[in-house]
Amino acid sequence: MNSNTFRMPAAVLLATGAVALLTAPPALATGGGGTGGEGKAGAVVLRAGLDVGLLNKTVHIPLKTTLNEVSAPATAEKTALAVTLDGVEGGKPVSVLRADVATSKATADKNRAEAEANLAKARVHVPGLPALSLIEVEKVTSKAVCEAGKQPVATSNVLGTVTALGKKVTLSAGGPTKVEVPGVGLVSLELSGTRTTSTTAAATALRLKVSVNPLKLNVAEVEGEIVLAEAHCESPAAPAPAPSSKPDVKPQTATGKGSAVTTDANLAETGGGSLTPYVAGGALVLLGIGGGALVVTRRGRAS
């Protein structure tokens with residue numbers, strides 16, 4: 001029984017599949033951008049690093065302490081600082097700082113880091129001089145701001161009157177101001193200092209270098225440094241830019257005889273392209289293979 005139904009040979013199916021894969025558009029790979037880490041910030045109202053020498057002993061006692069030192073995220077509002085040193089002022093606590101306002105604050109996240117320290121109506125004392133203030137200030141502030149992708153900013157201010165060892169002083173940005181009291185000692189005051197880099201900022205409102213010899217309450221000398229209102233920060237890492245999801249395809253040109261020039265885009269409008277001759281040739285070959293297989297099948301059945 002003759003039949004027009006036939007099965008296409010496996011070779012023809014494989015060839016057809018190859019042509020389909022050849023003409024399929026390429027897949028595009030996409031990716032997301034990374035995110036930056038959190039910034040850093042810190043502040044302190046007072047930092048003291050002093051060396052206290054005693055009268056009745058050939059020894060020196062270190063006095064290293066801070067008030068309201070914080071690291072982000074944190075706040076502090078303590079207004080008094082007292083320390084106890086063996087052999088000084090009869091074993092009683094030494095009042096280093098008293099103020100009406102003494103606050104510090106630090107915050108940080110992936111976009112911004114900020115720190116601030118404030119001090120108002122403050123009086124600083126050192127061992128051996130309980131009645132005489134080393135320094136008195138109306139108000140000092142420092143602030144540091146570091147924002148991702150922007151230049152960090154640092155500011156500090158000393159506002160109102162400043163008194164050192166009982167003397168009213170005028171501070172200058174041109175250099176330290178020195179105050180000397182005979183029989184008491186010397187204090188060198190340095191005005192606000194700020195510094196910034198591309199990713200960090202730091203500010204200090206007032207820096208004091210102390211060298212006094214009170215000769216009272218078993219204290220022979222006090223030397224060292226005191227810092228008022230300090231703030232610093234570090235910028236968060238800027239997020240990495242997200243890569244473009246569009247393929248970088250550059251237009252190509254095809255040239256023919258004479259001066260005629262066409263682009264692939266124009267060919268696409270008419271159904272043509274750079275692969276058209278190869279696809280057409282492959283299709284003709286496949287049609288020839290299929291036709292030959294059909295003739296062979298029919299001749300076999302006829303015989």
# chains A, B, ... in the order shown; residues from 1 in each chain; ligands from 1
>>> closest_atom_pairs(of="range 153-249 of chain A", to="range 139-143 of chain A", cutoff="8 Å", atoms="only C-alpha atoms", output="Markdown table")
| residue | atom | partner | partner_atom | distance |
| --- | --- | --- | --- | --- |
| A:Ala154 | CA | A:Lys143 | CA | 5.8 |
| A:Thr155 | CA | A:Lys143 | CA | 5.3 |
| A:Ser156 | CA | A:Ser142 | CA | 4.1 |
| A:Asn157 | CA | A:Thr141 | CA | 5.3 |
| A:Val158 | CA | A:Val140 | CA | 4.5 |
| A:Leu159 | CA | A:Lys139 | CA | 5.2 |
| A:Gly160 | CA | A:Lys139 | CA | 6.5 |
| A:Ala202 | CA | A:Lys143 | CA | 7.9 |
| A:Ala203 | CA | A:Ser142 | CA | 5.7 |
| A:Thr204 | CA | A:Ser142 | CA | 6.1 |
| A:Ala205 | CA | A:Ser142 | CA | 5.7 |
| A:Leu206 | CA | A:Val140 | CA | 7.7 |
| A:Leu228 | CA | A:Val140 | CA | 7.6 |
| A:Ala229 | CA | A:Ser142 | CA | 5.7 |
| A:Glu230 | CA | A:Ser142 | CA | 5.9 |
| A:Ala231 | CA | A:Lys143 | CA | 5.6 |
| A:His232 | CA | A:Lys143 | CA | 7.5 |
>>> write_last_selection(atoms="all heavy atoms", output="short mmCIF file (atom, residue, chain, number, x, y, z; two decimals), in the first residue's frame")
data_model
loop_
_atom_site.label_atom_id
_atom_site.label_comp_id
_atom_site.auth_asym_id
_atom_site.auth_seq_id
_atom_site.Cartn_x
_atom_site.Cartn_y
_atom_site.Cartn_z
N ALA A 154 35.04 70.10 58.55
CA ALA A 154 35.36 70.21 59.97
C ALA A 154 35.31 71.67 60.40
O ALA A 154 35.85 72.54 59.71
CB ALA A 154 36.74 69.63 60.26
N THR A 155 34.65 71.94 61.52
CA THR A 155 34.56 73.31 62.04
C THR A 155 34.74 73.30 63.55
O THR A 155 34.39 72.33 64.22
CB THR A 155 33.19 73.95 61.71
OG1 THR A 155 32.15 73.13 62.26
CG2 THR A 155 32.99 74.08 60.21
N SER A 156 35.28 74.39 64.09
CA SER A 156 35.41 74.54 65.53
C SER A 156 35.38 76.03 65.87
O SER A 156 35.81 76.87 65.08
CB SER A 156 36.70 73.90 66.05
OG SER A 156 37.83 74.51 65.46
N ASN A 157 34.88 76.33 67.07
CA ASN A 157 34.74 77.73 67.48
C ASN A 157 35.00 77.89 68.97
O ASN A 157 34.65 77.00 69.77
CB ASN A 157 33.32 78.24 67.17
CG ASN A 157 33.05 78.35 65.68
OD1 ASN A 157 33.56 79.23 65.02
ND2 ASN A 157 32.25 77.43 65.17
N VAL A 158 35.61 79.00 69.32
CA VAL A 158 35.77 79.41 70.71
C VAL A 158 35.04 80.75 70.84
O VAL A 158 35.48 81.75 70.26
CB VAL A 158 37.25 79.55 71.10
CG1 VAL A 158 37.38 80.03 72.54
CG2 VAL A 158 37.97 78.23 70.91
N LEU A 159 33.96 80.76 71.58
CA LEU A 159 33.10 81.94 71.67
C LEU A 159 33.15 82.54 73.06
O LEU A 159 33.26 81.82 74.07
CB LEU A 159 31.66 81.55 71.32
CG LEU A 159 31.47 80.85 69.96
CD1 LEU A 159 30.03 80.38 69.81
CD2 LEU A 159 31.87 81.76 68.82
N GLY A 160 33.03 83.86 73.14
CA GLY A 160 33.03 84.53 74.44
C GLY A 160 34.42 84.69 75.01
O GLY A 160 35.44 84.54 74.33
N ALA A 202 38.58 66.23 61.07
CA ALA A 202 38.83 66.31 62.51
C ALA A 202 38.89 67.77 62.94
O ALA A 202 39.39 68.62 62.20
CB ALA A 202 40.13 65.59 62.88
N ALA A 203 38.37 68.04 64.13
CA ALA A 203 38.35 69.40 64.65
C ALA A 203 38.63 69.38 66.15
O ALA A 203 38.14 68.51 66.87
CB ALA A 203 37.01 70.06 64.38
N THR A 204 39.42 70.36 66.61
CA THR A 204 39.72 70.53 68.03
C THR A 204 39.52 72.01 68.36
O THR A 204 40.14 72.88 67.73
CB THR A 204 41.16 70.12 68.36
OG1 THR A 204 41.34 68.74 68.01
CG2 THR A 204 41.45 70.31 69.83
N ALA A 205 38.66 72.30 69.33
CA ALA A 205 38.35 73.70 69.64
C ALA A 205 39.51 74.40 70.34
O ALA A 205 39.87 75.52 69.99
CB ALA A 205 37.09 73.78 70.50
N LEU A 206 40.11 73.74 71.34
CA LEU A 206 41.14 74.40 72.15
C LEU A 206 42.12 73.35 72.66
O LEU A 206 41.72 72.30 73.16
CB LEU A 206 40.51 75.15 73.31
CG LEU A 206 41.30 76.28 73.96
CD1 LEU A 206 41.69 77.34 72.94
CD2 LEU A 206 40.47 76.92 75.07
N LEU A 228 40.13 70.43 74.57
CA LEU A 228 38.71 70.69 74.79
C LEU A 228 37.94 70.60 73.47
O LEU A 228 38.36 71.19 72.47
CB LEU A 228 38.50 72.08 75.40
CG LEU A 228 39.15 72.35 76.76
CD1 LEU A 228 38.84 73.78 77.21
CD2 LEU A 228 38.69 71.35 77.80
N ALA A 229 36.83 69.85 73.49
CA ALA A 229 35.90 69.74 72.36
C ALA A 229 36.60 69.23 71.10
O ALA A 229 37.09 70.01 70.27
CB ALA A 229 35.20 71.06 72.10
N GLU A 230 36.61 67.93 70.96
CA GLU A 230 37.27 67.29 69.82
C GLU A 230 36.25 66.42 69.09
O GLU A 230 35.47 65.70 69.71
CB GLU A 230 38.44 66.45 70.31
CG GLU A 230 39.26 65.79 69.23
CD GLU A 230 40.41 64.99 69.83
OE1 GLU A 230 40.12 63.90 70.39
OE2 GLU A 230 41.56 65.44 69.79
N ALA A 231 36.26 66.46 67.75
CA ALA A 231 35.34 65.65 66.94
C ALA A 231 36.08 65.15 65.70
O ALA A 231 36.91 65.86 65.14
CB ALA A 231 34.10 66.44 66.54
N HIS A 232 35.74 63.95 65.26
CA HIS A 232 36.37 63.40 64.05
C HIS A 232 35.41 62.42 63.38
O HIS A 232 34.50 61.88 64.01
CB HIS A 232 37.69 62.70 64.39
CG HIS A 232 37.53 61.55 65.35
ND1 HIS A 232 37.23 60.27 64.94
CD2 HIS A 232 37.60 61.50 66.70
CE1 HIS A 232 37.15 59.47 66.01
NE2 HIS A 232 37.36 60.19 67.08
#
>>> closest_atom_pairs(of="range 134-171 of chain A", to="range 177-201 of chain A", cutoff="8 Å", atoms="only C-alpha atoms", output="tab-separated table")
residue	atom	partner	partner_atom	distance
A:Leu134	CA	A:Val187	CA	7.9
A:Ala144	CA	A:Ala201	CA	5.7
A:Val145	CA	A:Ala201	CA	6.9
A:Cys146	CA	A:Thr200	CA	6.6
A:Gln151	CA	A:Ser198	CA	5.9
A:Pro152	CA	A:Ala201	CA	5.7
A:Val153	CA	A:Ala201	CA	6.0
A:Ala154	CA	A:Ala201	CA	5.5
A:Thr155	CA	A:Thr194	CA	6.5
A:Ser156	CA	A:Ser192	CA	5.8
A:Asn157	CA	A:Ser192	CA	6.5
A:Val158	CA	A:Ser192	CA	7.2
A:Ala164	CA	A:Val179	CA	6.7
A:Leu165	CA	A:Val181	CA	7.1
A:Lys167	CA	A:Val179	CA	7.7
A:Val169	CA	A:Val179	CA	7.9
A:Thr170	CA	A:Thr177	CA	7.8
A:Leu171	CA	A:Thr177	CA	6.1
>>> residues_around(residues="range 52-59 of chain A", least_positions_apart="3", cutoff="6 Å", atoms="only C-alpha atoms", output="MDAnalysis selection string")
chainID A and resid 218:222
>>> write_last_selection(atoms="all heavy atoms", output="PDB file, in the first residue's frame")
ATOM      1  N   ASN A 218      51.054  69.116  98.254  1.00  0.00           N
ATOM      2  CA  ASN A 218      52.000  68.052  97.921  1.00  0.00           C
ATOM      3  C   ASN A 218      52.238  67.907  96.411  1.00  0.00           C
ATOM      4  O   ASN A 218      52.677  66.870  95.948  1.00  0.00           O
ATOM      5  CB  ASN A 218      51.539  66.703  98.496  1.00  0.00           C
ATOM      6  CG  ASN A 218      52.688  65.710  98.590  1.00  0.00           C
ATOM      7  OD1 ASN A 218      53.847  66.091  98.820  1.00  0.00           O
ATOM      8  ND2 ASN A 218      52.374  64.431  98.423  1.00  0.00           N
ATOM      9  N   VAL A 219      51.948  68.975  95.670  1.00  0.00           N
ATOM     10  CA  VAL A 219      52.164  68.924  94.219  1.00  0.00           C
ATOM     11  C   VAL A 219      53.319  69.863  93.876  1.00  0.00           C
ATOM     12  O   VAL A 219      53.270  71.062  94.149  1.00  0.00           O
ATOM     13  CB  VAL A 219      50.897  69.344  93.449  1.00  0.00           C
ATOM     14  CG1 VAL A 219      51.185  69.390  91.946  1.00  0.00           C
ATOM     15  CG2 VAL A 219      49.754  68.383  93.745  1.00  0.00           C
ATOM     16  N   ALA A 220      54.368  69.306  93.269  1.00  0.00           N
ATOM     17  CA  ALA A 220      55.528  70.098  92.901  1.00  0.00           C
ATOM     18  C   ALA A 220      55.386  70.692  91.504  1.00  0.00           C
ATOM     19  O   ALA A 220      55.745  71.846  91.276  1.00  0.00           O
ATOM     20  CB  ALA A 220      56.785  69.237  92.972  1.00  0.00           C
ATOM     21  N   GLU A 221      54.850  69.900  90.570  1.00  0.00           N
ATOM     22  CA  GLU A 221      54.709  70.370  89.203  1.00  0.00           C
ATOM     23  C   GLU A 221      53.669  69.545  88.459  1.00  0.00           C
ATOM     24  O   GLU A 221      53.398  68.397  88.811  1.00  0.00           O
ATOM     25  CB  GLU A 221      56.041  70.299  88.446  1.00  0.00           C
ATOM     26  CG  GLU A 221      56.609  68.892  88.365  1.00  0.00           C
ATOM     27  CD  GLU A 221      57.963  68.838  87.680  1.00  0.00           C
ATOM     28  OE1 GLU A 221      58.561  69.898  87.428  1.00  0.00           O
ATOM     29  OE2 GLU A 221      58.408  67.710  87.385  1.00  0.00           O
ATOM     30  N   VAL A 222      53.092  70.174  87.452  1.00  0.00           N
ATOM     31  CA  VAL A 222      52.131  69.495  86.583  1.00  0.00           C
ATOM     32  C   VAL A 222      52.476  69.869  85.139  1.00  0.00           C
ATOM     33  O   VAL A 222      52.536  71.052  84.800  1.00  0.00           O
ATOM     34  CB  VAL A 222      50.675  69.911  86.890  1.00  0.00           C
ATOM     35  CG1 VAL A 222      49.712  69.210  85.939  1.00  0.00           C
ATOM     36  CG2 VAL A 222      50.309  69.601  88.331  1.00  0.00           C
TER      37      VAL A 222
END
>>> residues_around(residues="Lys105 in chain A", least_positions_apart="6", cutoff="10 Å", atoms="only C-alpha atoms", output="CSV table (one decimal) with C-alpha atoms, in the first residue's frame")
chain,number,residue,atom,x,y,z
A,41,ALA,CA,32.6,59.1,64.0
A,42,GLY,CA,33.7,60.0,67.5
A,43,ALA,CA,33.8,62.9,69.9
A,44,VAL,CA,35.1,63.9,73.3
A,45,VAL,CA,34.5,66.9,75.5
A,68,ASN,CA,32.1,62.2,77.4
A,69,GLU,CA,34.2,60.3,74.9
A,70,VAL,CA,31.8,58.5,72.4
A,71,SER,CA,32.0,56.5,69.2
A,72,ALA,CA,29.1,56.3,66.8
A,73,PRO,CA,26.3,55.7,67.6
A,74,ALA,CA,26.3,57.3,71.0
A,75,THR,CA,25.6,60.4,73.1
A,76,ALA,CA,26.9,61.7,76.5
A,77,GLU,CA,25.9,64.7,78.7
A,114,GLU,CA,28.9,63.0,62.0
A,115,ALA,CA,30.3,64.0,65.4
A,116,GLU,CA,29.9,67.0,67.6
A,117,ALA,CA,31.2,68.2,71.0
A,118,ASN,CA,30.0,71.2,73.0
A,143,LYS,CA,31.9,69.4,64.5
A,231,ALA,CA,35.3,65.6,66.9
>>> select_by_dssp(residues="range 70-110 of chain A", states="strand (DSSP E)", output="ChimeraX atom specification")
/A:70-71,74-76,80-83,94-108
>>> write_last_selection(atoms="N, CA and C atoms", output="compact mmCIF listing (two decimals), in the first residue's frame")
# COMPACT_ATOMS: atom_id res chain seq x y z
N VAL A 70 32.81 59.41 73.07
CA VAL A 70 31.84 58.51 72.45
C VAL A 70 32.31 58.13 71.05
N SER A 71 31.85 56.95 70.61
CA SER A 71 32.02 56.50 69.23
C SER A 71 30.65 56.14 68.69
N ALA A 74 26.38 57.09 69.60
CA ALA A 74 26.33 57.28 71.05
C ALA A 74 26.21 58.77 71.36
N THR A 75 25.70 59.07 72.56
CA THR A 75 25.64 60.44 73.07
C THR A 75 26.04 60.43 74.54
N ALA A 76 26.53 61.59 75.04
CA ALA A 76 26.90 61.71 76.45
C ALA A 76 26.66 63.15 76.90
N ALA A 80 30.62 66.98 84.76
CA ALA A 80 31.69 67.09 85.76
C ALA A 80 32.63 65.90 85.64
N LEU A 81 33.90 66.16 85.91
CA LEU A 81 34.91 65.11 85.88
C LEU A 81 35.82 65.26 87.09
N ALA A 82 35.92 64.21 87.89
CA ALA A 82 36.80 64.21 89.06
C ALA A 82 37.61 62.92 89.04
N VAL A 83 38.89 63.02 89.41
CA VAL A 83 39.77 61.85 89.49
C VAL A 83 40.44 61.83 90.85
N VAL A 94 40.20 64.97 92.79
CA VAL A 94 40.61 66.21 92.16
C VAL A 94 39.59 66.55 91.08
N SER A 95 38.99 67.73 91.20
CA SER A 95 38.02 68.17 90.20
C SER A 95 38.77 68.72 88.99
N VAL A 96 38.68 68.01 87.88
CA VAL A 96 39.37 68.43 86.66
C VAL A 96 38.51 69.37 85.84
N LEU A 97 37.21 69.09 85.73
CA LEU A 97 36.33 69.92 84.91
C LEU A 97 34.95 70.03 85.53
N ARG A 98 34.43 71.23 85.50
CA ARG A 98 33.02 71.47 85.83
C ARG A 98 32.46 72.42 84.78
N ALA A 99 31.24 72.12 84.31
CA ALA A 99 30.65 72.93 83.25
C ALA A 99 29.14 72.93 83.38
N ASP A 100 28.53 73.96 82.83
CA ASP A 100 27.06 73.98 82.77
C ASP A 100 26.55 73.07 81.66
N VAL A 101 27.30 73.00 80.57
CA VAL A 101 26.94 72.13 79.44
C VAL A 101 28.20 71.41 78.98
N ALA A 102 28.11 70.09 78.86
CA ALA A 102 29.22 69.29 78.33
C ALA A 102 28.61 68.08 77.64
N THR A 103 28.46 68.18 76.32
CA THR A 103 27.79 67.12 75.57
C THR A 103 28.65 66.67 74.39
N SER A 104 28.47 65.43 74.02
CA SER A 104 29.12 64.89 72.82
C SER A 104 28.14 63.93 72.14
N LYS A 105 28.24 63.87 70.82
CA LYS A 105 27.32 63.05 70.05
C LYS A 105 28.02 62.56 68.79
N ALA A 106 27.74 61.31 68.41
CA ALA A 106 28.31 60.74 67.19
C ALA A 106 27.29 59.83 66.54
N THR A 107 27.11 59.96 65.23
CA THR A 107 26.20 59.11 64.47
C THR A 107 26.91 58.67 63.19
N ALA A 108 26.51 57.50 62.67
CA ALA A 108 27.10 57.00 61.43
C ALA A 108 26.18 55.97 60.80
>>> closest_residue(among="A:Thr84, A:Thr161, A:Ser211, A:Thr79", to="Thr65 in chain A", atoms="only C-alpha atoms")
A:Thr84
>>> residues_around(residues="Leu50 in chain A", least_positions_apart="5", cutoff="8 Å", atoms="only C-alpha atoms", output="list in words")
Pro62, Leu63, Lys64, Val222, Glu223, Gly224, Glu225 and Ile226 of chain A
>>> atom_distance(atom1="CA of His60 in chain A", atom2="CA of Leu132 in chain A")
21.9 Å
